[in-house]
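So the structure is just underneath, and the comments pick up after that.
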Amino acid sequence: MVRNYLIVTASYWGFTLVDGALRMLVLLHFFRLGYTPFALAFLFLLYEAAGIAANLGGGWLASRFGIPRMLAVGQSLQIAGLIMLSLLDPGWSAAASVAWVVAAQGIAGVAKDVTKTASKSAIKATSAEGSGQLFKWVAWFTGSKNAMKGVGFFVGGLLLELVGFRPALWLMAALLAVILVVGLLSLPRALGKAKSSKSIKELFGKSRGVNLLAAARIFMFGARDVWFVVGLPVFLYASGWRFLEVGGFLAAWTIAYGGIQAIAPALVTRSADGLSREIPAARLWAALLAAVPIALVFVMQAPGLWRPDIILVCGLALFGLPFAVNSSLHSYLILAYAGSEKAAEDVGFYYAANATGRLMGILLSGLLYQVGGITACLIGSAVMLVICWLITFLLPPSAATTAPQQRMA
């Protein structure tokens, strides 16, 4: 079991490294070509929208065909998306270029969320019974993959400066091909196979805990991406930062955030039932998280503020602590609430909500920055986090609260 967990984790590290580098490559390359903040957000539209369907379908397929096959499908799609993006012709019109990039990003979005759903489901399939080990394994997996994504941000900016857009894409496709082959040769084919839902109604018939966590996840990740994806990079570049410096900060933030996620079990008092102390902790950390953008909105309005860019990055560095603990707690709670027979489907449903939140945040990031600058992005973040905090008060105290379809299964 430990061997399979480590193989899945290492495989997802490589995938996440490439995914982070791809996001930074696309963002910085097309910003350098003169795209507006809203146009940059539009480039990622299909990436996130496709992820919603990919998570739902990926969870169902992982239950039906096994986790290793879905990992291979996700990695193969990412390779296809990278190759497609490398075929972009600089001589094409702006409309044709945008359409091509959006389509390639859509393939990458499907790839990322199919791979993530399969990987997270593998934790439930490989962990021993007991909430203590499950929380630790989820926290380490989630934290380490986000740290790797941060490294990817830096690698993306570095590759863009050293080798250029197209060679960077080829290098990343080659790395993923190696990871794909190793995973296929190492993991048991039956890992994660279980009874899958037989109808759409059954697929969406989740427990109250899963549904509420999904709703909270929408607003939590929307609150991050509303400033993180477009608003912050454009603000920093407009403040005189170089591409490598922008990518370096985003990388450092994500690596630190991942590191905190990995140690989150040490910051949360554990309970014997796995929920009675963890749910109040989720409420506390959600309140602390909402306080950060609210405070930043007021600070950024101060007249004669010294180096607003430095003040902002310090504030958002502080944002990373409660966000990381919240994210780790939610990632644990979804597996605690998930039914054992259809864990992959429950995880897929939850991460479809995650993709919905990112989609909302990305669109608002470009739109709000274009309308009201970084302050508008922070206000949007604060509103969404207050909603997320309120939802946590509705979480059920027991994982036994299930939907009718699950009770009858």
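Note on naming: chains are A, B, ... as they come in the structure tokens, residues start from 1 per chain, ligands start from 1 in the order shown.
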Discussion item. Could you list, as a list of chain:residue names, every residue within 7 Å of Glu48 in chain A, counting only C-alpha atoms and ignoring same-chain residues fewer than 3 positions away?
Written reply: A:Phe44, A:Leu45, A:Gly51, A:Ile52, A:Gly109, A:Ala355, A:Arg358, A:Leu359
Worksheet item: Residues at most 7 Å from range 262-274 of chain A, counting only C-alpha atoms, excluding those fewer than 4 positions away in the same chain, as a list in words?
Response: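 Neighbouring residues, sequence-local ones excluded: Ser131, Phe135, Lys136, Ala139, Trp140, Thr142, Gly143, Ser144, Gly258, Glu278, Ala281, Val325 and Ser328 of chain A.
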Worksheet item: In terms of the shortest atom-to-atom distance over only C-alpha atoms, which of A:Met220, A:Leu244, A:Ala302, A:Leu312 is closest to Ile387 in chain A?
Response: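 Under the stated criterion, the closest residue is A:Met220.
Nearest residue to Phe235 in chain A, choosing from A:Ile374, A:Ala215, A:Leu171, A:Leu250 and counting only C-alpha atoms: A:Ile374.
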Discussion item. I need the helix (DSSP H, G or I) residues of range 175-388 of chain A per DSSP on the backbone, written as a ChimeraX atom specification.
Written reply: /A:175-186,200-203,208-228,231-238,243-262,264-267,278-300,308-337,343-388
Discussion item. Residues near Ala324 in chain A, anyone? I mean within 6 Å using only C-alpha atoms, not counting same-chain ones fewer than 6 positions away, as JSON, numbers by chain.
Written reply: {"A": [257, 260, 261]}
